[in-house]
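Below is my_file18.pdb, holding PDB, C-alpha atoms and all ligand atoms.
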ATOM      1  CA  MET Y   1       0.000   0.000   0.000
ATOM      2  CA  ALA Y   2       1.177   3.521  -0.739
ATOM      3  CA  SER Y   3       2.724   5.319   2.186
ATOM      4  CA  THR Y   4       0.386   7.804   3.825
ATOM      5  CA  SER Y   5       2.977   9.093   6.262
ATOM      6  CA  ALA Y   6       2.912  12.437   4.462
ATOM      7  CA  PHE Y   7      -0.640  12.829   5.738
ATOM      8  CA  PRO Y   8      -0.278  12.009   9.445
ATOM      9  CA  ASP Y   9      -3.378  11.150  11.481
ATOM     10  CA  LEU Y  10      -3.911  14.127  13.749
ATOM     11  CA  ILE Y  11      -6.182  16.742  15.209
ATOM     12  CA  GLN Y  12      -4.731  20.245  15.120
ATOM     13  CA  PRO Y  13      -6.475  22.786  17.385
ATOM     14  CA  PHE Y  14      -5.994  26.462  16.603
ATOM     15  CA  ARG Y  15      -7.283  29.925  17.408
ATOM     16  CA  ILE Y  16      -7.670  32.907  15.147
ATOM     17  CA  GLU Y  17      -5.864  35.789  16.824
ATOM     18  CA  GLY Y  18      -7.774  38.901  17.768
ATOM     19  CA  ALA Y  19     -11.123  37.135  17.369
ATOM     20  CA  ALA Y  20     -12.994  34.771  19.648
ATOM     21  CA  ILE Y  21     -12.771  31.958  17.106
ATOM     22  CA  ILE Y  22     -11.344  28.528  17.774
ATOM     23  CA  GLY Y  23     -10.939  25.710  15.297
ATOM     24  CA  ARG Y  24      -9.735  22.215  14.620
ATOM     25  CA  LEU Y  25      -8.185  20.651  11.592
ATOM     26  CA  VAL Y  26      -8.523  16.853  11.410
ATOM     27  CA  ARG Y  27      -6.480  14.691   9.087
ATOM     28  CA  LEU Y  28      -6.848  10.954   8.619
ATOM     29  CA  GLY Y  29      -4.414   9.128   6.341
ATOM     30  CA  GLU Y  30      -3.347   5.696   7.472
ATOM     31  CA  ALA Y  31      -6.151   5.580  10.064
ATOM     32  CA  PHE Y  32      -8.726   6.034   7.280
ATOM     33  CA  ALA Y  33      -6.915   3.546   5.023
ATOM     34  CA  ASP Y  34      -6.996   0.980   7.859
ATOM     35  CA  THR Y  35     -10.692   1.741   8.468
ATOM     36  CA  ILE Y  36     -11.765   0.833   4.921
ATOM     37  CA  GLU Y  37      -9.135  -1.841   4.195
ATOM     38  CA  PRO Y  38     -11.124  -4.865   5.514
ATOM     39  CA  HIS Y  39     -14.207  -3.797   3.523
ATOM     40  CA  ASP Y  40     -15.001  -3.583  -0.137
ATOM     41  CA  TYR Y  41     -16.963  -0.355  -0.268
ATOM     42  CA  PRO Y  42     -17.764   1.430  -3.529
ATOM     43  CA  ALA Y  43     -15.579   4.565  -3.682
ATOM     44  CA  ILE Y  44     -18.407   7.011  -2.962
ATOM     45  CA  VAL Y  45     -19.402   5.017   0.135
ATOM     46  CA  ALA Y  46     -15.804   4.878   1.374
ATOM     47  CA  GLU Y  47     -15.488   8.642   0.868
ATOM     48  CA  LEU Y  48     -18.723   9.330   2.742
ATOM     49  CA  LEU Y  49     -17.405   7.109   5.527
ATOM     50  CA  GLY Y  50     -14.134   9.059   5.558
ATOM     51  CA  GLU Y  51     -16.105  12.271   6.010
ATOM     52  CA  THR Y  52     -18.098  10.644   8.819
ATOM     53  CA  GLU Y  53     -14.913   9.529  10.566
ATOM     54  CA  ALA Y  54     -13.268  12.957  10.230
ATOM     55  CA  LEU Y  55     -16.475  14.696  11.397
ATOM     56  CA  SER Y  56     -16.647  12.459  14.482
ATOM     57  CA  VAL Y  57     -13.109  13.464  15.457
ATOM     58  CA  ALA Y  58     -13.847  17.169  14.907
ATOM     59  CA  LEU Y  59     -17.044  17.028  16.999
ATOM     60  CA  ALA Y  60     -15.461  14.912  19.733
ATOM     61  CA  GLY Y  61     -12.611  17.411  19.893
ATOM     62  CA  SER Y  62     -15.047  20.116  20.995
ATOM     63  CA  LEU Y  63     -16.171  18.125  24.043
ATOM     64  CA  LYS Y  64     -14.490  17.390  27.321
ATOM     65  CA  TYR Y  65     -15.053  13.707  27.919
ATOM     66  CA  ASP Y  66     -13.293  10.579  29.025
ATOM     67  CA  GLY Y  67     -14.645   7.656  27.072
ATOM     68  CA  ILE Y  68     -16.133   7.078  23.638
ATOM     69  CA  PHE Y  69     -17.789   9.580  21.305
ATOM     70  CA  THR Y  70     -20.027   7.993  18.671
ATOM     71  CA  LEU Y  71     -21.498   9.577  15.569
ATOM     72  CA  GLN Y  72     -24.214   7.621  13.805
ATOM     73  CA  ALA Y  73     -26.094   8.438  10.617
ATOM     74  CA  GLN Y  74     -29.106   6.282   9.910
ATOM     75  CA  GLY Y  75     -31.507   6.464   6.993
ATOM     76  CA  ASP Y  76     -33.660   4.596   4.477
ATOM     77  CA  GLY Y  77     -31.247   4.939   1.535
ATOM     78  CA  PRO Y  78     -28.774   2.434   0.037
ATOM     79  CA  VAL Y  79     -26.232   3.299   2.756
ATOM     80  CA  GLY Y  80     -28.586   2.811   5.666
ATOM     81  CA  MET Y  81     -26.040   3.289   8.410
ATOM     82  CA  LEU Y  82     -22.712   5.013   8.986
ATOM     83  CA  VAL Y  83     -21.057   4.757  12.378
ATOM     84  CA  ALA Y  84     -17.810   6.323  13.568
ATOM     85  CA  ASP Y  85     -16.424   6.445  17.063
ATOM     86  CA  VAL Y  86     -13.419   8.041  18.684
ATOM     87  CA  THR Y  87     -12.002   7.493  22.149
ATOM     88  CA  SER Y  88     -10.670  10.356  24.243
ATOM     89  CA  ASP Y  89      -7.156   8.958  23.697
ATOM     90  CA  GLY Y  90      -7.410   9.164  19.906
ATOM     91  CA  ALA Y  91      -8.444   5.705  18.663
ATOM     92  CA  VAL Y  92     -10.825   5.935  15.694
ATOM     93  CA  ARG Y  93     -12.866   3.367  13.774
ATOM     94  CA  ALA Y  94     -15.906   3.458  11.479
ATOM     95  CA  TYR Y  95     -18.101   1.337   9.253
ATOM     96  CA  ALA Y  96     -20.876   1.722   6.701
ATOM     97  CA  ARG Y  97     -23.744  -0.698   6.247
ATOM     98  CA  VAL Y  98     -24.554  -0.912   2.572
ATOM     99  CA  GLY Y  99     -28.006  -2.319   1.897
ATOM    100  CA  ASP Y 100     -28.250  -2.422  -1.849
ATOM    101  CA  GLU Y 101     -24.812  -2.650  -3.384
ATOM    102  CA  ASN Y 102     -26.295  -2.655  -6.841
ATOM    103  CA  ALA Y 103     -27.953   0.698  -6.433
ATOM    104  CA  PRO Y 104     -26.935   2.707  -9.525
ATOM    105  CA  THR Y 105     -25.812   5.665  -7.423
ATOM    106  CA  LEU Y 106     -23.252   3.441  -5.703
ATOM    107  CA  SER Y 107     -21.671   1.726  -8.669
ATOM    108  CA  ASP Y 108     -21.483   4.311 -11.417
ATOM    109  CA  GLY Y 109     -18.541   5.964  -9.690
ATOM    110  CA  THR Y 110     -19.518   9.563 -10.310
ATOM    111  CA  ALA Y 111     -19.303  11.986  -7.449
ATOM    112  CA  ILE Y 112     -22.632  12.994  -5.971
ATOM    113  CA  ASP Y 113     -23.393  16.585  -5.012
ATOM    114  CA  SER Y 114     -25.951  15.634  -2.393
ATOM    115  CA  PRO Y 115     -24.675  12.410  -0.816
ATOM    116  CA  VAL Y 116     -26.971  12.576   2.204
ATOM    117  CA  PRO Y 117     -30.349  12.364   0.396
ATOM    118  CA  HIS Y 118     -28.984  10.091  -2.345
ATOM    119  CA  LEU Y 119     -27.034   7.639  -0.217
ATOM    120  CA  ILE Y 120     -28.317   7.779   3.368
ATOM    121  CA  GLY Y 121     -31.849   8.982   2.605
ATOM    122  CA  ASN Y 122     -34.343  10.133   5.212
ATOM    123  CA  GLY Y 123     -33.218   9.627   8.751
ATOM    124  CA  HIS Y 124     -31.171  11.214  11.474
ATOM    125  CA  LEU Y 125     -27.705  11.961  12.729
ATOM    126  CA  ALA Y 126     -27.038  11.103  16.375
ATOM    127  CA  PHE Y 127     -24.169  11.834  18.757
ATOM    128  CA  THR Y 128     -23.467   9.891  21.918
ATOM    129  CA  VAL Y 129     -20.825  10.125  24.587
ATOM    130  CA  ASP Y 130     -20.260   7.007  26.635
ATOM    131  CA  GLN Y 131     -18.155   7.659  29.724
ATOM    132  CA  GLY Y 132     -18.680   4.313  31.430
ATOM    133  CA  PRO Y 133     -21.528   2.323  32.982
ATOM    134  CA  ASP Y 134     -22.445   4.735  35.779
ATOM    135  CA  THR Y 135     -22.418   7.990  33.847
ATOM    136  CA  ASP Y 136     -25.024   9.815  31.807
ATOM    137  CA  ARG Y 137     -24.998   9.341  28.080
ATOM    138  CA  TYR Y 138     -25.158  12.675  26.368
ATOM    139  CA  GLN Y 139     -27.114  12.436  23.179
ATOM    140  CA  GLY Y 140     -27.721  14.945  20.451
ATOM    141  CA  ILE Y 141     -29.897  14.182  17.464
ATOM    142  CA  THR Y 142     -30.773  16.010  14.276
ATOM    143  CA  PRO Y 143     -32.732  15.063  11.147
ATOM    144  CA  LEU Y 144     -30.746  14.421   7.963
ATOM    145  CA  GLU Y 145     -31.976  17.593   6.305
ATOM    146  CA  GLY Y 146     -28.961  18.703   4.343
ATOM    147  CA  ALA Y 147     -27.225  17.840   1.107
ATOM    148  CA  THR Y 148     -23.986  16.899   2.852
ATOM    149  CA  LEU Y 149     -22.942  15.636   6.265
ATOM    150  CA  ALA Y 150     -21.433  19.054   6.989
ATOM    151  CA  ASP Y 151     -24.824  20.685   6.228
ATOM    152  CA  CYS Y 152     -26.534  18.292   8.648
ATOM    153  CA  ALA Y 153     -23.978  19.093  11.353
ATOM    154  CA  HIS Y 154     -24.568  22.835  10.777
ATOM    155  CA  LEU Y 155     -28.275  22.284  11.252
ATOM    156  CA  TYR Y 156     -27.601  20.474  14.508
ATOM    157  CA  PHE Y 157     -25.530  23.344  15.875
ATOM    158  CA  ARG Y 158     -28.129  25.928  14.797
ATOM    159  CA  GLN Y 159     -31.045  24.034  16.303
ATOM    160  CA  SER Y 160     -29.371  23.070  19.546
ATOM    161  CA  GLU Y 161     -28.348  26.663  20.320
ATOM    162  CA  GLN Y 162     -24.746  25.694  20.733
ATOM    163  CA  LEU Y 163     -21.777  27.675  19.505
ATOM    164  CA  GLU Y 164     -21.938  29.128  16.019
ATOM    165  CA  THR Y 165     -20.075  26.508  14.034
ATOM    166  CA  ALA Y 166     -18.866  26.023  10.475
ATOM    167  CA  ILE Y 167     -17.579  22.711   9.180
ATOM    168  CA  LYS Y 168     -16.010  21.539   5.952
ATOM    169  CA  LEU Y 169     -15.339  17.880   5.152
ATOM    170  CA  ALA Y 170     -13.404  16.071   2.435
ATOM    171  CA  ALA Y 171     -12.315  12.519   1.620
ATOM    172  CA  VAL Y 172     -10.775  10.684  -1.296
ATOM    173  CA  VAL Y 173      -9.980   7.031  -1.882
ATOM    174  CA  ASP Y 174      -8.570   6.392  -5.327
ATOM    175  CA  GLU Y 175      -7.268   9.315  -7.272
ATOM    176  CA  THR Y 176      -5.853   8.870 -10.714
ATOM    177  CA  GLY Y 177      -2.165   9.674 -10.769
ATOM    178  CA  SER Y 178      -1.763   9.952  -7.004
ATOM    179  CA  HIS Y 179       0.168   7.643  -4.709
ATOM    180  CA  ALA Y 180      -0.864   9.350  -1.520
ATOM    181  CA  GLY Y 181      -3.487   6.765  -0.505
ATOM    182  CA  PRO Y 182      -6.929   7.287   1.021
ATOM    183  CA  ARG Y 183      -7.286  10.506   2.971
ATOM    184  CA  ALA Y 184     -10.049  12.254   4.902
ATOM    185  CA  ALA Y 185     -10.133  15.678   6.522
ATOM    186  CA  ALA Y 186     -12.370  17.942   8.566
ATOM    187  CA  PHE Y 187     -12.082  21.664   9.150
ATOM    188  CA  MET Y 188     -14.213  23.192  11.866
ATOM    189  CA  ILE Y 189     -14.370  26.686  13.348
ATOM    190  CA  GLN Y 190     -16.487  27.878  16.278
ATOM    191  CA  ARG Y 191     -17.301  31.275  17.630
ATOM    192  CA  LEU Y 192     -16.908  31.627  21.385
ATOM    193  CA  PRO Y 193     -19.576  33.837  22.958
ATOM    194  CA  GLY Y 194     -18.548  36.434  25.506
ATOM    195  CA  GLU Y 195     -14.866  36.036  24.811
ATOM    196  CA  LYS Y 196     -14.517  38.835  22.359
ATOM    197  CA  PRO Y 197     -11.424  40.919  23.034
ATOM    198  CA  ALA Y 198     -12.617  44.162  24.651
ATOM    199  CA  ASP Y 199     -10.955  46.408  22.082
ATOM    200  CA  ILE Y 200     -12.917  44.926  19.169
ATOM    201  CA  PRO Y 201     -16.347  46.498  18.456
ATOM    202  CA  ASP Y 202     -19.327  44.121  17.998
ATOM    203  CA  GLU Y 203     -19.678  44.829  14.279
ATOM    204  CA  ASP Y 204     -16.036  43.996  13.878
ATOM    205  CA  ALA Y 205     -16.336  40.687  15.708
ATOM    206  CA  GLU Y 206     -19.298  39.788  13.496
ATOM    207  CA  GLU Y 207     -17.304  40.758  10.442
ATOM    208  CA  ARG Y 208     -14.314  38.666  11.524
ATOM    209  CA  TRP Y 209     -16.477  35.605  12.062
ATOM    210  CA  ARG Y 210     -18.073  36.053   8.646
ATOM    211  CA  ARG Y 211     -14.675  36.432   7.043
ATOM    212  CA  ALA Y 212     -13.322  33.341   8.826
ATOM    213  CA  VAL Y 213     -16.279  31.319   7.497
ATOM    214  CA  ILE Y 214     -15.864  32.661   3.959
ATOM    215  CA  LEU Y 215     -12.156  31.877   3.982
ATOM    216  CA  MET Y 216     -12.853  28.367   5.259
ATOM    217  CA  SER Y 217     -15.477  27.883   2.535
ATOM    218  CA  SER Y 218     -12.908  28.914  -0.054
ATOM    219  CA  LEU Y 219     -10.778  25.887   0.873
ATOM    220  CA  LYS Y 220     -10.685  23.449  -2.000
ATOM    221  CA  THR Y 221     -11.039  19.724  -1.413
ATOM    222  CA  SER Y 222      -7.634  19.304  -3.051
ATOM    223  CA  GLU Y 223      -6.100  21.693  -0.498
ATOM    224  CA  MET Y 224      -7.725  19.958   2.451
ATOM    225  CA  LEU Y 225      -6.350  16.625   1.250
ATOM    226  CA  ASP Y 226      -2.983  17.854  -0.039
ATOM    227  CA  PRO Y 227      -0.235  15.764   1.605
ATOM    228  CA  ASP Y 228       2.320  18.415   0.627
ATOM    229  CA  LEU Y 229       0.479  21.155   2.491
ATOM    230  CA  SER Y 230       1.219  20.966   6.232
ATOM    231  CA  PRO Y 231      -1.485  21.979   8.733
ATOM    232  CA  ARG Y 232       0.630  25.037   9.531
ATOM    233  CA  ASP Y 233       0.877  26.106   5.886
ATOM    234  CA  LEU Y 234      -2.802  25.469   5.287
ATOM    235  CA  LEU Y 235      -3.871  27.523   8.326
ATOM    236  CA  PHE Y 236      -1.443  30.283   7.439
ATOM    237  CA  ARG Y 237      -2.687  30.367   3.848
ATOM    238  CA  LEU Y 238      -6.240  30.958   5.125
ATOM    239  CA  TYR Y 239      -5.791  33.145   8.160
ATOM    240  CA  HIS Y 240      -2.448  34.914   7.829
ATOM    241  CA  GLU Y 241      -4.099  38.326   7.833
ATOM    242  CA  ASP Y 242      -5.714  37.882  11.229
ATOM    243  CA  GLY Y 243      -2.968  35.670  12.538
ATOM    244  CA  VAL Y 244      -3.486  32.137  13.717
ATOM    245  CA  ARG Y 245      -2.158  30.458  16.842
ATOM    246  CA  MET Y 246      -1.620  26.704  16.737
ATOM    247  CA  TYR Y 247      -1.867  24.544  19.845
ATOM    248  CA  ASP Y 248      -0.267  21.127  20.278
ATOM    249  CA  SER Y 249      -1.628  18.622  17.798
ATOM    250  CA  ARG Y 250      -2.785  15.241  19.047
ATOM    251  CA  PRO Y 251      -2.171  11.979  17.187
ATOM    252  CA  LEU Y 252      -4.972   9.689  16.045
ATOM    253  CA  ARG Y 253      -4.874   6.015  15.090
ATOM    254  CA  PHE Y 254      -7.165   3.288  13.828
ATOM    255  CA  GLU Y 255      -7.988   0.797  16.552
ATOM    256  CA  CYS Y 256     -10.912  -1.577  16.939
ATOM    257  CA  ARG Y 257     -11.968  -2.393  20.475
ATOM    258  CA  CYS Y 258     -13.743  -5.634  19.642
ATOM    259  CA  SER Y 259     -12.706  -8.807  21.471
ATOM    260  CA  ARG Y 260     -13.882 -12.367  21.878
ATOM    261  CA  LYS Y 261     -14.900 -11.577  25.443
ATOM    262  CA  LYS Y 262     -17.113  -8.631  24.390
ATOM    263  CA  VAL Y 263     -18.786 -10.728  21.699
ATOM    264  CA  ALA Y 264     -19.314 -13.539  24.239
ATOM    265  CA  ASP Y 265     -20.862 -11.066  26.700
ATOM    266  CA  VAL Y 266     -23.381  -9.965  24.071
ATOM    267  CA  LEU Y 267     -24.150 -13.525  22.953
ATOM    268  CA  SER Y 268     -24.600 -14.695  26.550
ATOM    269  CA  ARG Y 269     -27.726 -12.529  26.751
ATOM    270  CA  PHE Y 270     -29.463 -14.614  24.080
ATOM    271  CA  ALA Y 271     -31.509 -17.707  24.865
ATOM    272  CA  PRO Y 272     -29.881 -21.017  23.735
ATOM    273  CA  GLU Y 273     -32.523 -21.622  21.043
ATOM    274  CA  ASN Y 274     -31.821 -18.207  19.514
ATOM    275  CA  LEU Y 275     -28.095 -18.886  19.505
ATOM    276  CA  ALA Y 276     -28.758 -22.233  17.810
ATOM    277  CA  ASP Y 277     -30.632 -20.379  15.047
ATOM    278  CA  MET Y 278     -27.556 -18.267  14.378
ATOM    279  CA  LYS Y 279     -25.336 -21.262  13.644
ATOM    280  CA  THR Y 280     -23.921 -21.871  10.181
ATOM    281  CA  ASP Y 281     -24.392 -25.102   8.229
ATOM    282  CA  GLU Y 282     -21.152 -26.328   9.806
ATOM    283  CA  GLY Y 283     -22.713 -25.935  13.237
ATOM    284  CA  VAL Y 284     -20.661 -23.016  14.470
ATOM    285  CA  LEU Y 285     -21.765 -19.533  15.311
ATOM    286  CA  VAL Y 286     -19.667 -16.892  13.576
ATOM    287  CA  ALA Y 287     -19.907 -13.305  14.820
ATOM    288  CA  THR Y 288     -18.239 -10.738  12.575
ATOM    289  CA  CYS Y 289     -17.183  -7.332  13.875
ATOM    290  CA  GLU Y 290     -18.854  -4.686  11.705
ATOM    291  CA  PHE Y 291     -15.921  -2.320  12.156
ATOM    292  CA  CYS Y 292     -12.858  -4.487  11.437
ATOM    293  CA  ARG Y 293     -14.437  -7.684  10.015
ATOM    294  CA  ALA Y 294     -12.706  -9.827  12.665
ATOM    295  CA  GLU Y 295     -14.504 -13.171  12.967
ATOM    296  CA  TYR Y 296     -15.242 -14.797  16.309
ATOM    297  CA  ARG Y 297     -16.252 -18.470  16.080
ATOM    298  CA  PHE Y 298     -18.215 -20.286  18.755
ATOM    299  CA  ASP Y 299     -18.652 -24.070  18.592
ATOM    300  CA  ASP Y 300     -21.123 -26.164  20.598
ATOM    301  CA  ASP Y 301     -18.863 -26.335  23.653
ATOM    302  CA  ASP Y 302     -18.501 -22.546  23.591
ATOM    303  CA  LEU Y 303     -22.282 -22.172  23.344
ATOM    304  CA  VAL Y 304     -22.738 -24.367  26.422
ATOM    305  CA  THR Y 305     -20.311 -22.125  28.283
ATOM    306  CA  LEU Y 306     -22.241 -19.061  27.074
ATOM    307  CA  ASN Y 307     -25.481 -20.537  28.359
ATOM    308  CA  GLU Y 308     -23.909 -21.085  31.773
ATOM    309  CA  LEU Y 309     -22.735 -17.483  31.742
ATOM    310  CA  ARG Y 310     -26.269 -16.381  30.907
ATOM    311  CA  LYS Y 311     -27.771 -18.390  33.787
ATOM    312  CA  LYS Y 312     -25.196 -16.992  36.157
ATOM    313  CA  SER Y 313     -25.882 -13.380  35.170
ATOM    314  CA  ASN Y 314     -29.664 -13.954  35.345
ATOM    315  CA  SER Y 315     -29.400 -15.322  38.856
ATOM    316  CA  THR Y 316     -27.241 -12.443  40.078
ATOM    317  CA  SER Y 317     -29.337  -9.688  38.566
TER     318      SER Y 317
HETATM  319 ZN    ZN W   1     -13.433  -5.144  15.439
END
This entry written out as structure tokens:
Amino acid sequence: MASTSAFPDLIQPFRIEGAAIIGRLVRLGEAFADTIEPHDYPAIVAELLGETEALSVALAGSLKYDGIFTLQAQGDGPVGMLVADVTSDGAVRAYARVGDENAPTLSDGTAIDSPVPHLIGNGHLAFTVDQGPDTDRYQGITPLEGATLADCAHLYFRQSEQLETAIKLAAVVDETGSHAGPRAAAFMIQRLPGEKPADIPDEDAEERWRRAVILMSSLKTSEMLDPDLSPRDLLFRLYHEDGVRMYDSRPLRFECRCSRKKVADVLSRFAPENLADMKTDEGVLVATCEFCRAEYRFDDDDLVTLNELRKKSNSTS
């Protein structure tokens, strides 16, 4: 596989000087390549998944949490489900569930201007933060009422009365004439209320925010995904007039958290007759991780053990 080291997996926080605007640049190279490698997605699905993964990192980066942030898009279209999650220590993973792989929109290979209605369809976008068994799960939800995932995220921020936010997403899998490998990126800026420097009049602050959004919108997909353009150069190219301060970047990596034990825990909640129904013709139960396609096989002896586990947990709860 082509080296993607020129496009390191990272989240780069920054602040536009003299304006109460913070931002994050997310880049996924190898982590995105590893995410799609076990699957055989059509290019437009893989690219939508790359955007989902990059968006999840950008959104998670705006929260203080210790656990797992999950972004899930669900709809009635040919790509009925997209899931991406990111842990607070920078492990990312994602998958797409493709219902009808023969849908013409998926196989003809042409880019789609409105991927959300065409691929995901009618549905919603949900955000969850899981900080462990005894903590509240924060959940945000918004209907899929935009042409792109970024549009849907904008709608969420507008409706939920959170910070004014602008997001731009990009992803590519196979480019003709490029050896850079799959890449995905997110660019997000947010306006902090009540933190305006005292010497800047209100109209000016408004104007600076508008300009920051316009400059971000002027970013080309090719620039966002350019392995030869460092985060520093990209940010400077956009915001050199106002000045931009970069904070320490944080590394990201692909990592699936599935394990035989977790699969066994889930299976142990099923009644024996239901588990028997899930067996293959060879008499084993094969559970496949939707994220990394790892297969966990359970034979009859394992199923007996699972049933004992189930009885034990029923009697203790
Ligand atoms: Zn897995």
Notebook entry, point to check: If you count only C-alpha atoms, which residues fall within 7 Å of Val284 of chain Y, apart from same-chain ones fewer than 3 positions away, as a list in words?
Noted result: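 In the requested format, the answer is Lys279, Thr280, Arg297, Phe298, Asp299 and Asp300 of chain Y.
Candidate residues Y:Arg137, Y:Arg27, Y:Arg250, Y:His240 were compared for distance to Asp9 of chain Y, and the nearest is Y:Arg27, using only C-alpha atoms.
Nearest residue to Gly29 of chain Y, choosing from Y:Asn307, Y:Arg183, Y:Glu164, Y:Asp174 and counting all atoms listed in the file: Y:Arg183.
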Note to self: Please return as a list of chain:residue names the residues found within 8 Å of ligand ZN 1 (chain W), counting all atoms listed in the file.
What the structure shows: Y:Cys256, Y:Arg257, Y:Cys258, Y:Ser259, Y:Thr288, Y:Cys289, Y:Glu290, Y:Phe291, Y:Cys292, Y:Arg293, Y:Ala294
Next item on the list: Tell me which of Y:Gly80, Y:Glu295, Y:Val86, Y:Ile141 sits closest to Pro117 of chain Y, counting all atoms listed in the file.
Entry: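 So, comparing all the options, the nearest one is Y:Gly80.
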Once the PyMOL selection byres (((chain Y and resi 271) around 12) and not hetatm) is applied to the coordinates I shared, what remains selected? I want it as a PDB file with C-alpha atoms, in the coordinates of the input.
ATOM      1  CA  VAL Y 266     -23.381  -9.965  24.071  1.00  0.00           C
ATOM      2  CA  LEU Y 267     -24.150 -13.525  22.953  1.00  0.00           C
ATOM      3  CA  SER Y 268     -24.600 -14.695  26.550  1.00  0.00           C
ATOM      4  CA  ARG Y 269     -27.726 -12.529  26.751  1.00  0.00           C
ATOM      5  CA  PHE Y 270     -29.463 -14.614  24.080  1.00  0.00           C
ATOM      6  CA  PRO Y 272     -29.881 -21.017  23.735  1.00  0.00           C
ATOM      7  CA  GLU Y 273     -32.523 -21.622  21.043  1.00  0.00           C
ATOM      8  CA  ASN Y 274     -31.821 -18.207  19.514  1.00  0.00           C
ATOM      9  CA  LEU Y 275     -28.095 -18.886  19.505  1.00  0.00           C
ATOM     10  CA  ALA Y 276     -28.758 -22.233  17.810  1.00  0.00           C
ATOM     11  CA  ASP Y 277     -30.632 -20.379  15.047  1.00  0.00           C
ATOM     12  CA  MET Y 278     -27.556 -18.267  14.378  1.00  0.00           C
ATOM     13  CA  LEU Y 303     -22.282 -22.172  23.344  1.00  0.00           C
ATOM     14  CA  VAL Y 304     -22.738 -24.367  26.422  1.00  0.00           C
ATOM     15  CA  LEU Y 306     -22.241 -19.061  27.074  1.00  0.00           C
ATOM     16  CA  ASN Y 307     -25.481 -20.537  28.359  1.00  0.00           C
ATOM     17  CA  GLU Y 308     -23.909 -21.085  31.773  1.00  0.00           C
ATOM     18  CA  LEU Y 309     -22.735 -17.483  31.742  1.00  0.00           C
ATOM     19  CA  ARG Y 310     -26.269 -16.381  30.907  1.00  0.00           C
ATOM     20  CA  LYS Y 311     -27.771 -18.390  33.787  1.00  0.00           C
ATOM     21  CA  ASN Y 314     -29.664 -13.954  35.345  1.00  0.00           C
TER      22      ASN Y 314
END
Item checked: Selection result for the PyMOL selection byres (((chain Y and resi 188) around 7) and not hetatm) on this file, as a ChimeraX atom specification -> /Y:23-25,58,166-168,186-187,189-190
Note to self: Please expand the PyMOL selection byres (((chain Y and resi 87-99) around 7) and not hetatm) into the concrete residues it hits in this file, giving the result as a list in words.
What the structure shows: Thr35, Leu49, Glu53, Tyr65, Asp66, Gly67, Ile68, Phe69, Pro78, Val79, Gly80, Met81, Leu82, Val83, Ala84, Asp85, Val86, Asp100, Glu101, Pro251, Leu252, Arg253, Phe254, Glu255, Cys256, Glu290 and Phe291 of chain Y
Next item on the list: Figure out the distance between atom CA of Gly132 of chain Y and atom CA of Thr305 of chain Y, please, to one decimal in Å.
Entry: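 It comes out at 26.7 Å.
The residue that comes closest to Leu10 of chain Y, out of Y:Thr221, Y:Gln139, Y:Asn122, Y:Ser249 and on the basis of all atoms listed in the file, is Y:Ser249.
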Check: Expressed in Å to a single decimal, how great is the separation between atom CA of Arg158 of chain Y and atom CA of Glu47 of chain Y?
Finding: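 Going from atom CA of Arg158 of chain Y over to atom CA of Glu47 of chain Y covers 25.5 Å.
With all atoms listed in the file as the basis for measurement, Y:Thr70 is the residue among Y:Thr70, Y:Ser315, Y:Gly146, Y:Gln12 that approaches Gln131 of chain Y most closely.
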Next item on the list: One decimal, Å: what's the distance from atom CA of Tyr156 of chain Y over to atom CA of Leu169 of chain Y, could you say?
Entry: 15.6 Å
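For the set Y:Arg210, Y:His39, Y:His179, Y:His124, the residue with the smallest atom-to-atom gap to Pro143 of chain Y is Y:His124, counting only C-alpha atoms.
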Write out as a tab-separated table (two decimals) with C-alpha atoms, in the frame of the given file the residues lying within 9 Å of Ala46 of chain Y, counting only C-alpha atoms and excluding same-chain residues fewer than 5 positions away.
chain	number	residue	atom	x	y	z
Y	36	ILE	CA	-11.76	0.83	4.92
Y	40	ASP	CA	-15.00	-3.58	-0.14
Y	41	TYR	CA	-16.96	-0.36	-0.27
Y	51	GLU	CA	-16.10	12.27	6.01
Y	95	TYR	CA	-18.10	1.34	9.25
Y	96	ALA	CA	-20.88	1.72	6.70
Y	171	ALA	CA	-12.32	12.52	1.62
Y	172	VAL	CA	-10.78	10.68	-1.30
Y	173	VAL	CA	-9.98	7.03	-1.88
Note to self: Show me the residues close to (-36.1, 5.7, 3.7) - anything with an atom within 6 Å, counting all atoms listed in the file - and format the list as an MDAnalysis selection string.
What the structure shows: chainID Y and resid 75:77 121:122
Reconstruct N, CA and C atoms of segment 282-287 of chain Y from the incomplete input and present them as a PDB file, keeping the file's coordinate frame.
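Ended up saving to selection.pdb:
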ATOM      1  N   GLU Y 282     -22.186 -25.491   9.163  1.00  0.00           N
ATOM      2  CA  GLU Y 282     -21.152 -26.328   9.806  1.00  0.00           C
ATOM      3  C   GLU Y 282     -21.363 -26.427  11.318  1.00  0.00           C
ATOM      4  N   GLY Y 283     -22.407 -25.794  11.816  1.00  0.00           N
ATOM      5  CA  GLY Y 283     -22.713 -25.935  13.237  1.00  0.00           C
ATOM      6  C   GLY Y 283     -21.954 -25.006  14.163  1.00  0.00           C
ATOM      7  N   VAL Y 284     -21.311 -23.988  13.592  1.00  0.00           N
ATOM      8  CA  VAL Y 284     -20.661 -23.016  14.470  1.00  0.00           C
ATOM      9  C   VAL Y 284     -21.360 -21.665  14.346  1.00  0.00           C
ATOM     10  N   LEU Y 285     -21.212 -20.877  15.368  1.00  0.00           N
ATOM     11  CA  LEU Y 285     -21.765 -19.533  15.311  1.00  0.00           C
ATOM     12  C   LEU Y 285     -20.595 -18.590  15.011  1.00  0.00           C
ATOM     13  N   VAL Y 286     -20.734 -17.820  13.941  1.00  0.00           N
ATOM     14  CA  VAL Y 286     -19.667 -16.892  13.576  1.00  0.00           C
ATOM     15  C   VAL Y 286     -20.182 -15.466  13.750  1.00  0.00           C
ATOM     16  N   ALA Y 287     -19.543 -14.719  14.636  1.00  0.00           N
ATOM     17  CA  ALA Y 287     -19.907 -13.305  14.820  1.00  0.00           C
ATOM     18  C   ALA Y 287     -18.811 -12.465  14.179  1.00  0.00           C
TER      19      ALA Y 287
END
